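Visitor: Got a structure here, written out as structure tokens. Questions coming.
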Amino acid sequence: MGGAEWAVDGRWGARGPLSAAVLGLVTAGPPGAGRLLAPPGPFADPWGEDHQFALYLCYELHDRGLPGVLPGWEWEPELLTLRRDLERSLLAAVRAEAEPVRSVSDALDQLLTESPDDIGPSHFLRDEGGLRHVREYLVHRSVYHLKEADPQLWMLPRIHGPAQAVLMAIVYDEYGAGRPERAHAGLYARMMAAFGLEPDYARYLDLVPAPALAVVNLMTLFGLHRALRGAAVGQFAALEITSSPGSARLAAALERLGGGPDGTLFYREHVEADAVHEQLVRRGVVEQLIADEPELAPDIAFGLAAAQVVEGRFADHLLGCWRAGRTSLRSALPALPALPAGVTAA
């Protein structure tokens, strides 16, 4: 993976000049102590490893922070300038791939209809995936699910009235509806452990490639900008609407491989919860928000389309790697010394 000289607290290495610039800046000392070590240059590939990792690092300063980095870097102007340029380049790429953007109603209808010819990672895992594939999938998704709904919380103070109240009700469920032991991030950690993975936050970040980072970066990008609050709602709606059937397939895959209660509860929980959330987000959030602020409809439609762009890229990456017989991570996970209790390899 290289770039060890740029590692933050010995954990992560840079993936190119952009992420090296971020890491070099924030490890220089207190905010204002350093400058970008080199001009980052043109943003040749906004979908690439370096670009996505640099943006993810910038966003982590708003979330859990970076180990060994002083929290004041979160609002350092020089870093924000670089982040702005990274965001603009990514947004332009997403918009280019999302065109032509359907109307909100057409986009919702498409999301609600699954073709019998559809094939995606959840279908692969249910029908033919082995333990290796499942463990890789859990690592990919850990960069979101170990902080599930945190990126979407930025939306809450930016919409108001009935739509905000319904959104809050949905998000409340993500955090266990007042029961900490039912918080989805905790359920995901238990599932990782059940399949022989270490559930510590960001434990596998160095292994997670750009397509998986882009999914989470898009959520945070939309959430952090009030001007993109409609897109944030659209992205969240796409996530909730497509979650239930995909979760059912993933639960079946995990059960087939011998996952016990801890190994299947996360996705079984989402089958039921997100079937309800799908109705709430469509009627109570999207439709209500458009009724109150009709000018947001194009942005909501873009958010729906943008979510499909990044999820489609992620799916193509997984299936391309798995069909070719190679790891979908940046490097393969270490082999398990022994299978977890009850779990089978295939």
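Residues in the structure tokens are numbered from 1 in each chain, the chains being A, B, ... in the order shown, and ligands are numbered from 1 in the order shown.
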Could you pull the residues within 6 Å of region 71-79 of chain A, counting only C-alpha atoms, minus those fewer than 2 positions along the same chain, as a list in words?

Guide: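 Skipping anything fewer than 2 positions along the chain leaves Pro31, Leu61, Thr81 and Leu82 of chain A.
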
Visitor: For the residues in the current selection, export all heavy atoms as a PDB file, in the first residue's frame.

Guide:
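Output below, filename again_31.pdb:
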ATOM      1  N   PRO A  31      -2.994  23.557  14.357  1.00  0.00           N
ATOM      2  CA  PRO A  31      -3.510  24.268  13.186  1.00  0.00           C
ATOM      3  C   PRO A  31      -2.711  25.542  12.920  1.00  0.00           C
ATOM      4  O   PRO A  31      -2.401  26.305  13.839  1.00  0.00           O
ATOM      5  CB  PRO A  31      -4.956  24.585  13.570  1.00  0.00           C
ATOM      6  CG  PRO A  31      -5.315  23.527  14.550  1.00  0.00           C
ATOM      7  CD  PRO A  31      -4.060  23.232  15.323  1.00  0.00           C
ATOM      8  N   LEU A  61     -12.257  14.429  10.069  1.00  0.00           N
ATOM      9  CA  LEU A  61     -12.001  15.489  11.042  1.00  0.00           C
ATOM     10  C   LEU A  61     -13.298  16.066  11.594  1.00  0.00           C
ATOM     11  O   LEU A  61     -13.323  16.625  12.685  1.00  0.00           O
ATOM     12  CB  LEU A  61     -11.158  16.603  10.408  1.00  0.00           C
ATOM     13  CG  LEU A  61      -9.713  16.213  10.076  1.00  0.00           C
ATOM     14  CD1 LEU A  61      -9.063  17.296   9.229  1.00  0.00           C
ATOM     15  CD2 LEU A  61      -8.910  15.985  11.353  1.00  0.00           C
ATOM     16  N   THR A  81      -9.883  24.705   1.968  1.00  0.00           N
ATOM     17  CA  THR A  81      -9.736  25.074   0.564  1.00  0.00           C
ATOM     18  C   THR A  81      -9.455  23.837  -0.291  1.00  0.00           C
ATOM     19  O   THR A  81     -10.037  23.656  -1.367  1.00  0.00           O
ATOM     20  CB  THR A  81      -8.606  26.105   0.398  1.00  0.00           C
ATOM     21  OG1 THR A  81      -8.949  27.284   1.118  1.00  0.00           O
ATOM     22  CG2 THR A  81      -8.393  26.449  -1.066  1.00  0.00           C
ATOM     23  N   LEU A  82      -8.574  22.982   0.198  1.00  0.00           N
ATOM     24  CA  LEU A  82      -8.289  21.741  -0.521  1.00  0.00           C
ATOM     25  C   LEU A  82      -9.527  20.860  -0.562  1.00  0.00           C
ATOM     26  O   LEU A  82      -9.860  20.288  -1.610  1.00  0.00           O
ATOM     27  CB  LEU A  82      -7.132  21.005   0.152  1.00  0.00           C
ATOM     28  CG  LEU A  82      -6.803  19.607  -0.399  1.00  0.00           C
ATOM     29  CD1 LEU A  82      -6.473  19.676  -1.879  1.00  0.00           C
ATOM     30  CD2 LEU A  82      -5.648  18.987   0.386  1.00  0.00           C
TER      31      LEU A  82
END

Visitor: Can you list, as a PyMOL selection string, every protein, DNA or RNA residue that comes within 8 Å of region 135-147 of chain A when you count only C-alpha atoms, leaving out same-chain residues fewer than 4 positions away?

Guide: chain A and resi 131+184-186+188-189+192+195+197+201-202+204-205+208-209+212-213+216+327-329+333

Visitor: Which distance in Å separates CA of Pro199 (chain A) and CA of Leu250 (chain A), to one decimal?

Guide: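 Going from CA of Pro199 (chain A) over to CA of Leu250 (chain A), I get 18.6 Å.
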
Visitor: Figure out the distance between CA of Gly223 (chain A) and CA of Arg64 (chain A), please, to one decimal in Å.

Guide: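 If I compute the distance from CA of Arg64 (chain A) to CA of Gly223 (chain A), I get 15.8 Å.
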
Visitor: Would you mind reading off the distance between CA of Gly260 (chain A) and CA of Ala346 (chain A), one decimal, in Å?

Guide: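 These atoms are spaced 15.2 Å apart.
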
Visitor: Taking only region 21-247 of chain A into account, list the residues labelled helix (DSSP H, G or I) by DSSP (computed from the backbone), as a VMD selection string.

Guide: chain A and resid 21 to 26 49 to 60 71 to 75 77 to 98 104 to 112 121 to 127 131 to 145 151 to 158 162 to 174 180 to 182 184 to 194 205 to 207 210 to 224 226 to 247

Visitor: Quick one: residues within 12 Å of region 86-93 of chain A, only C-alpha atoms counted, chain neighbours fewer than 4 positions away excluded, as a VMD selection string?

Guide: chain A and resid 18 to 19 22 40 to 48 50 to 59 79 to 82 97 to 99 214 to 215 217 to 222 224 to 225 228 231 302 to 303 306 to 307 309 to 310

Visitor: Could you name the residues that touch region 152-167 of chain A at 6 Å or less, counting only C-alpha atoms, but leaving out those on the same chain fewer than 2 positions away, as a ChimeraX atom specification?

Guide: /A:149-150,169-170,223,284-285,288-289

Visitor: Residues of the last selection are to be written out with all heavy atoms, as a PDB file, in the first residue's frame.

Guide:
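Result went into part.pdb, see below:
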ATOM      1  N   ALA A 149     -25.813   6.279  10.079  1.00  0.00           N
ATOM      2  CA  ALA A 149     -26.678   7.459  10.138  1.00  0.00           C
ATOM      3  C   ALA A 149     -25.942   8.724  10.573  1.00  0.00           C
ATOM      4  O   ALA A 149     -26.509   9.815  10.452  1.00  0.00           O
ATOM      5  CB  ALA A 149     -27.910   7.249  11.011  1.00  0.00           C
ATOM      6  N   ASP A 150     -24.699   8.620  11.052  1.00  0.00           N
ATOM      7  CA  ASP A 150     -23.986   9.849  11.431  1.00  0.00           C
ATOM      8  C   ASP A 150     -23.903  10.848  10.268  1.00  0.00           C
ATOM      9  O   ASP A 150     -24.159  12.041  10.470  1.00  0.00           O
ATOM     10  CB  ASP A 150     -22.578   9.530  11.939  1.00  0.00           C
ATOM     11  CG  ASP A 150     -22.578   8.850  13.306  1.00  0.00           C
ATOM     12  OD1 ASP A 150     -23.669   8.682  13.887  1.00  0.00           O
ATOM     13  OD2 ASP A 150     -21.483   8.493  13.786  1.00  0.00           O
ATOM     14  N   ALA A 169     -37.700  10.625  13.248  1.00  0.00           N
ATOM     15  CA  ALA A 169     -38.240   9.336  13.683  1.00  0.00           C
ATOM     16  C   ALA A 169     -37.475   8.178  13.030  1.00  0.00           C
ATOM     17  O   ALA A 169     -37.187   7.167  13.670  1.00  0.00           O
ATOM     18  CB  ALA A 169     -39.725   9.254  13.346  1.00  0.00           C
ATOM     19  N   ILE A 170     -37.138   8.330  11.741  1.00  0.00           N
ATOM     20  CA  ILE A 170     -36.388   7.289  11.043  1.00  0.00           C
ATOM     21  C   ILE A 170     -34.993   7.150  11.635  1.00  0.00           C
ATOM     22  O   ILE A 170     -34.523   6.049  11.940  1.00  0.00           O
ATOM     23  CB  ILE A 170     -36.308   7.610   9.536  1.00  0.00           C
ATOM     24  CG1 ILE A 170     -37.710   7.605   8.909  1.00  0.00           C
ATOM     25  CG2 ILE A 170     -35.407   6.605   8.823  1.00  0.00           C
ATOM     26  CD1 ILE A 170     -37.743   8.130   7.484  1.00  0.00           C
ATOM     27  N   GLY A 223     -24.412  16.070   3.158  1.00  0.00           N
ATOM     28  CA  GLY A 223     -24.863  16.469   4.482  1.00  0.00           C
ATOM     29  C   GLY A 223     -24.222  17.735   4.993  1.00  0.00           C
ATOM     30  O   GLY A 223     -24.855  18.516   5.716  1.00  0.00           O
ATOM     31  N   GLY A 284     -43.532  10.855   4.137  1.00  0.00           N
ATOM     32  CA  GLY A 284     -43.378  11.842   5.191  1.00  0.00           C
ATOM     33  C   GLY A 284     -42.214  12.788   5.025  1.00  0.00           C
ATOM     34  O   GLY A 284     -42.227  13.888   5.594  1.00  0.00           O
ATOM     35  N   VAL A 285     -41.185  12.374   4.257  1.00  0.00           N
ATOM     36  CA  VAL A 285     -40.017  13.235   4.078  1.00  0.00           C
ATOM     37  C   VAL A 285     -40.004  13.823   2.668  1.00  0.00           C
ATOM     38  O   VAL A 285     -40.128  15.035   2.486  1.00  0.00           O
ATOM     39  CB  VAL A 285     -38.701  12.485   4.371  1.00  0.00           C
ATOM     40  CG1 VAL A 285     -37.502  13.418   4.173  1.00  0.00           C
ATOM     41  CG2 VAL A 285     -38.698  11.933   5.799  1.00  0.00           C
ATOM     42  N   GLN A 288     -43.483  15.405   1.514  1.00  0.00           N
ATOM     43  CA  GLN A 288     -43.795  16.547   2.365  1.00  0.00           C
ATOM     44  C   GLN A 288     -42.832  17.698   2.105  1.00  0.00           C
ATOM     45  O   GLN A 288     -43.231  18.872   2.055  1.00  0.00           O
ATOM     46  CB  GLN A 288     -43.731  16.143   3.832  1.00  0.00           C
ATOM     47  CG  GLN A 288     -44.135  17.249   4.797  1.00  0.00           C
ATOM     48  CD  GLN A 288     -45.571  17.690   4.621  1.00  0.00           C
ATOM     49  OE1 GLN A 288     -46.484  16.868   4.659  1.00  0.00           O
ATOM     50  NE2 GLN A 288     -45.792  18.989   4.420  1.00  0.00           N
ATOM     51  N   LEU A 289     -41.550  17.391   1.939  1.00  0.00           N
ATOM     52  CA  LEU A 289     -40.570  18.444   1.698  1.00  0.00           C
ATOM     53  C   LEU A 289     -40.825  19.139   0.368  1.00  0.00           C
ATOM     54  O   LEU A 289     -40.713  20.371   0.268  1.00  0.00           O
ATOM     55  CB  LEU A 289     -39.155  17.859   1.723  1.00  0.00           C
ATOM     56  CG  LEU A 289     -37.998  18.860   1.729  1.00  0.00           C
ATOM     57  CD1 LEU A 289     -38.083  19.814   2.905  1.00  0.00           C
ATOM     58  CD2 LEU A 289     -36.664  18.122   1.736  1.00  0.00           C
TER      59      LEU A 289
END

Visitor: Between A:Ala33, A:Val26, A:Val134, A:Val101, which residue has the minimum interatomic distance to Leu257 (chain A), considering only C-alpha atoms?

Guide: A:Val134

Visitor: So that I can check the surroundings of region 270-272 of chain A, please list as a list in words every protein, DNA and RNA residue that reaches within 10 Å of it, counting only C-alpha atoms and ignoring chain neighbours fewer than 3 positions away.

Guide: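 Neighbouring residues, sequence-local ones excluded: Glu174, His184, Glu240, Ser243, Ser244, Pro245, Gly246, Ser247, Ala248, Arg249, Leu250, Ala251, Leu265, Phe266, Tyr267, Ala275, Val276 and His277 of chain A.
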
Visitor: Would you mind exporting the chosen residues as a compact mmCIF listing (two decimals), in the first residue's frame, restricted to all heavy atoms?

Guide:
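And here's out-v4.txt as it stands now:
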# COMPACT_ATOMS: atom_id res chain seq x y z
N GLU A 174 -32.34 4.19 13.81
CA GLU A 174 -30.97 3.78 13.47
C GLU A 174 -30.09 3.70 14.72
O GLU A 174 -29.12 2.96 14.76
CB GLU A 174 -30.35 4.76 12.47
CG GLU A 174 -31.17 5.06 11.23
CD GLU A 174 -31.20 3.91 10.24
OE1 GLU A 174 -30.54 2.88 10.50
OE2 GLU A 174 -31.89 4.03 9.22
N HIS A 184 -27.77 0.37 15.40
CA HIS A 184 -27.35 -0.40 14.24
C HIS A 184 -25.84 -0.52 14.13
O HIS A 184 -25.32 -1.55 13.69
CB HIS A 184 -27.95 0.21 12.97
CG HIS A 184 -29.42 0.03 12.88
ND1 HIS A 184 -30.19 0.52 11.85
CD2 HIS A 184 -30.30 -0.61 13.70
CE1 HIS A 184 -31.46 0.20 12.04
NE2 HIS A 184 -31.55 -0.48 13.15
N GLU A 240 -32.81 4.09 2.01
CA GLU A 240 -33.89 3.44 2.76
C GLU A 240 -34.81 2.62 1.87
O GLU A 240 -35.27 1.54 2.26
CB GLU A 240 -34.70 4.51 3.51
CG GLU A 240 -33.93 5.25 4.59
CD GLU A 240 -33.47 4.33 5.71
OE1 GLU A 240 -34.27 3.47 6.14
OE2 GLU A 240 -32.31 4.45 6.14
N SER A 243 -33.10 -0.72 0.81
CA SER A 243 -32.45 -1.50 1.86
C SER A 243 -33.15 -2.82 2.17
O SER A 243 -32.48 -3.85 2.34
CB SER A 243 -32.35 -0.66 3.14
OG SER A 243 -31.83 -1.41 4.20
N SER A 244 -34.46 -2.82 2.27
CA SER A 244 -35.16 -4.00 2.77
C SER A 244 -34.95 -5.24 1.91
O SER A 244 -34.55 -6.29 2.42
CB SER A 244 -36.65 -3.70 2.93
OG SER A 244 -37.31 -4.78 3.55
N PRO A 245 -35.18 -5.19 0.59
CA PRO A 245 -34.97 -6.42 -0.20
C PRO A 245 -33.50 -6.85 -0.23
O PRO A 245 -33.20 -8.05 -0.18
CB PRO A 245 -35.47 -6.05 -1.59
CG PRO A 245 -35.53 -4.56 -1.63
CD PRO A 245 -35.78 -4.12 -0.23
N GLY A 246 -32.59 -5.89 -0.30
CA GLY A 246 -31.18 -6.25 -0.28
C GLY A 246 -30.78 -6.87 1.05
O GLY A 246 -30.00 -7.83 1.09
N SER A 247 -31.32 -6.34 2.14
CA SER A 247 -31.01 -6.89 3.46
C SER A 247 -31.54 -8.31 3.60
O SER A 247 -30.91 -9.16 4.25
CB SER A 247 -31.61 -6.00 4.56
OG SER A 247 -30.96 -4.74 4.59
N ALA A 248 -32.69 -8.59 3.01
CA ALA A 248 -33.23 -9.95 3.06
C ALA A 248 -32.29 -10.93 2.36
O ALA A 248 -32.04 -12.04 2.86
CB ALA A 248 -34.61 -9.99 2.41
N ARG A 249 -31.74 -10.53 1.22
CA ARG A 249 -30.80 -11.40 0.52
C ARG A 249 -29.52 -11.59 1.34
O ARG A 249 -28.96 -12.69 1.41
CB ARG A 249 -30.49 -10.84 -0.85
CG ARG A 249 -31.65 -10.94 -1.84
CD ARG A 249 -31.25 -10.53 -3.23
NE ARG A 249 -31.04 -9.10 -3.35
CZ ARG A 249 -31.99 -8.21 -3.69
NH1 ARG A 249 -33.23 -8.64 -3.92
NH2 ARG A 249 -31.71 -6.93 -3.80
N LEU A 250 -29.03 -10.51 1.95
CA LEU A 250 -27.80 -10.61 2.74
C LEU A 250 -28.01 -11.46 3.99
O LEU A 250 -27.14 -12.24 4.37
CB LEU A 250 -27.32 -9.20 3.10
CG LEU A 250 -26.78 -8.39 1.91
CD1 LEU A 250 -26.61 -6.93 2.30
CD2 LEU A 250 -25.46 -8.96 1.41
N ALA A 251 -29.16 -11.32 4.62
CA ALA A 251 -29.47 -12.17 5.77
C ALA A 251 -29.48 -13.64 5.36
O ALA A 251 -28.96 -14.51 6.08
CB ALA A 251 -30.81 -11.77 6.39
N LEU A 265 -28.43 -10.75 12.83
CA LEU A 265 -29.40 -9.80 13.38
C LEU A 265 -29.39 -8.46 12.67
O LEU A 265 -30.45 -7.87 12.44
CB LEU A 265 -29.16 -9.60 14.88
CG LEU A 265 -30.10 -8.61 15.59
CD1 LEU A 265 -31.56 -9.02 15.42
CD2 LEU A 265 -29.74 -8.50 17.07
N PHE A 266 -28.21 -7.96 12.32
CA PHE A 266 -28.13 -6.64 11.68
C PHE A 266 -29.01 -6.58 10.43
O PHE A 266 -29.83 -5.68 10.27
CB PHE A 266 -26.69 -6.31 11.32
CG PHE A 266 -26.53 -5.01 10.57
CD1 PHE A 266 -26.43 -3.81 11.25
CD2 PHE A 266 -26.50 -4.99 9.18
CE1 PHE A 266 -26.30 -2.60 10.57
CE2 PHE A 266 -26.37 -3.79 8.48
CZ PHE A 266 -26.26 -2.60 9.19
N TYR A 267 -28.86 -7.55 9.55
CA TYR A 267 -29.64 -7.50 8.30
C TYR A 267 -31.09 -7.92 8.51
O TYR A 267 -31.99 -7.40 7.84
CB TYR A 267 -28.95 -8.33 7.21
CG TYR A 267 -27.75 -7.61 6.64
CD1 TYR A 267 -26.47 -8.10 6.80
CD2 TYR A 267 -27.90 -6.40 5.96
CE1 TYR A 267 -25.36 -7.42 6.30
CE2 TYR A 267 -26.82 -5.71 5.46
CZ TYR A 267 -25.55 -6.22 5.63
OH TYR A 267 -24.47 -5.54 5.14
N ALA A 275 -38.46 -1.62 5.68
CA ALA A 275 -39.74 -1.71 4.97
C ALA A 275 -40.67 -0.60 5.46
O ALA A 275 -41.43 0.00 4.68
CB ALA A 275 -40.37 -3.08 5.18
N VAL A 276 -40.62 -0.32 6.76
CA VAL A 276 -41.40 0.79 7.32
C VAL A 276 -40.77 2.12 6.92
O VAL A 276 -41.47 3.06 6.52
CB VAL A 276 -41.47 0.67 8.86
CG1 VAL A 276 -42.19 1.88 9.45
CG2 VAL A 276 -42.17 -0.62 9.26
N HIS A 277 -39.45 2.20 7.00
CA HIS A 277 -38.77 3.45 6.67
C HIS A 277 -39.01 3.87 5.22
O HIS A 277 -39.07 5.06 4.91
CB HIS A 277 -37.27 3.30 6.91
CG HIS A 277 -36.91 3.19 8.36
ND1 HIS A 277 -35.63 2.92 8.79
CD2 HIS A 277 -37.67 3.30 9.48
CE1 HIS A 277 -35.61 2.88 10.11
NE2 HIS A 277 -36.84 3.09 10.55

Visitor: Find, counting only C-alpha atoms, the residue in A:Ala341, A:Arg190, A:Ala21, A:Leu239 that gets nearest to Leu112 (chain A).

Guide: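 Nearest candidate to Leu112 (chain A) out of A:Ala341, A:Arg190, A:Ala21, A:Leu239: A:Leu239.
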
Visitor: Out of A:Glu255, A:Ile241, A:Ala297, A:Asp262, which residue has the shortest atom-to-atom distance to Thr113 (chain A) when counting only C-alpha atoms?

Guide: A:Ile241
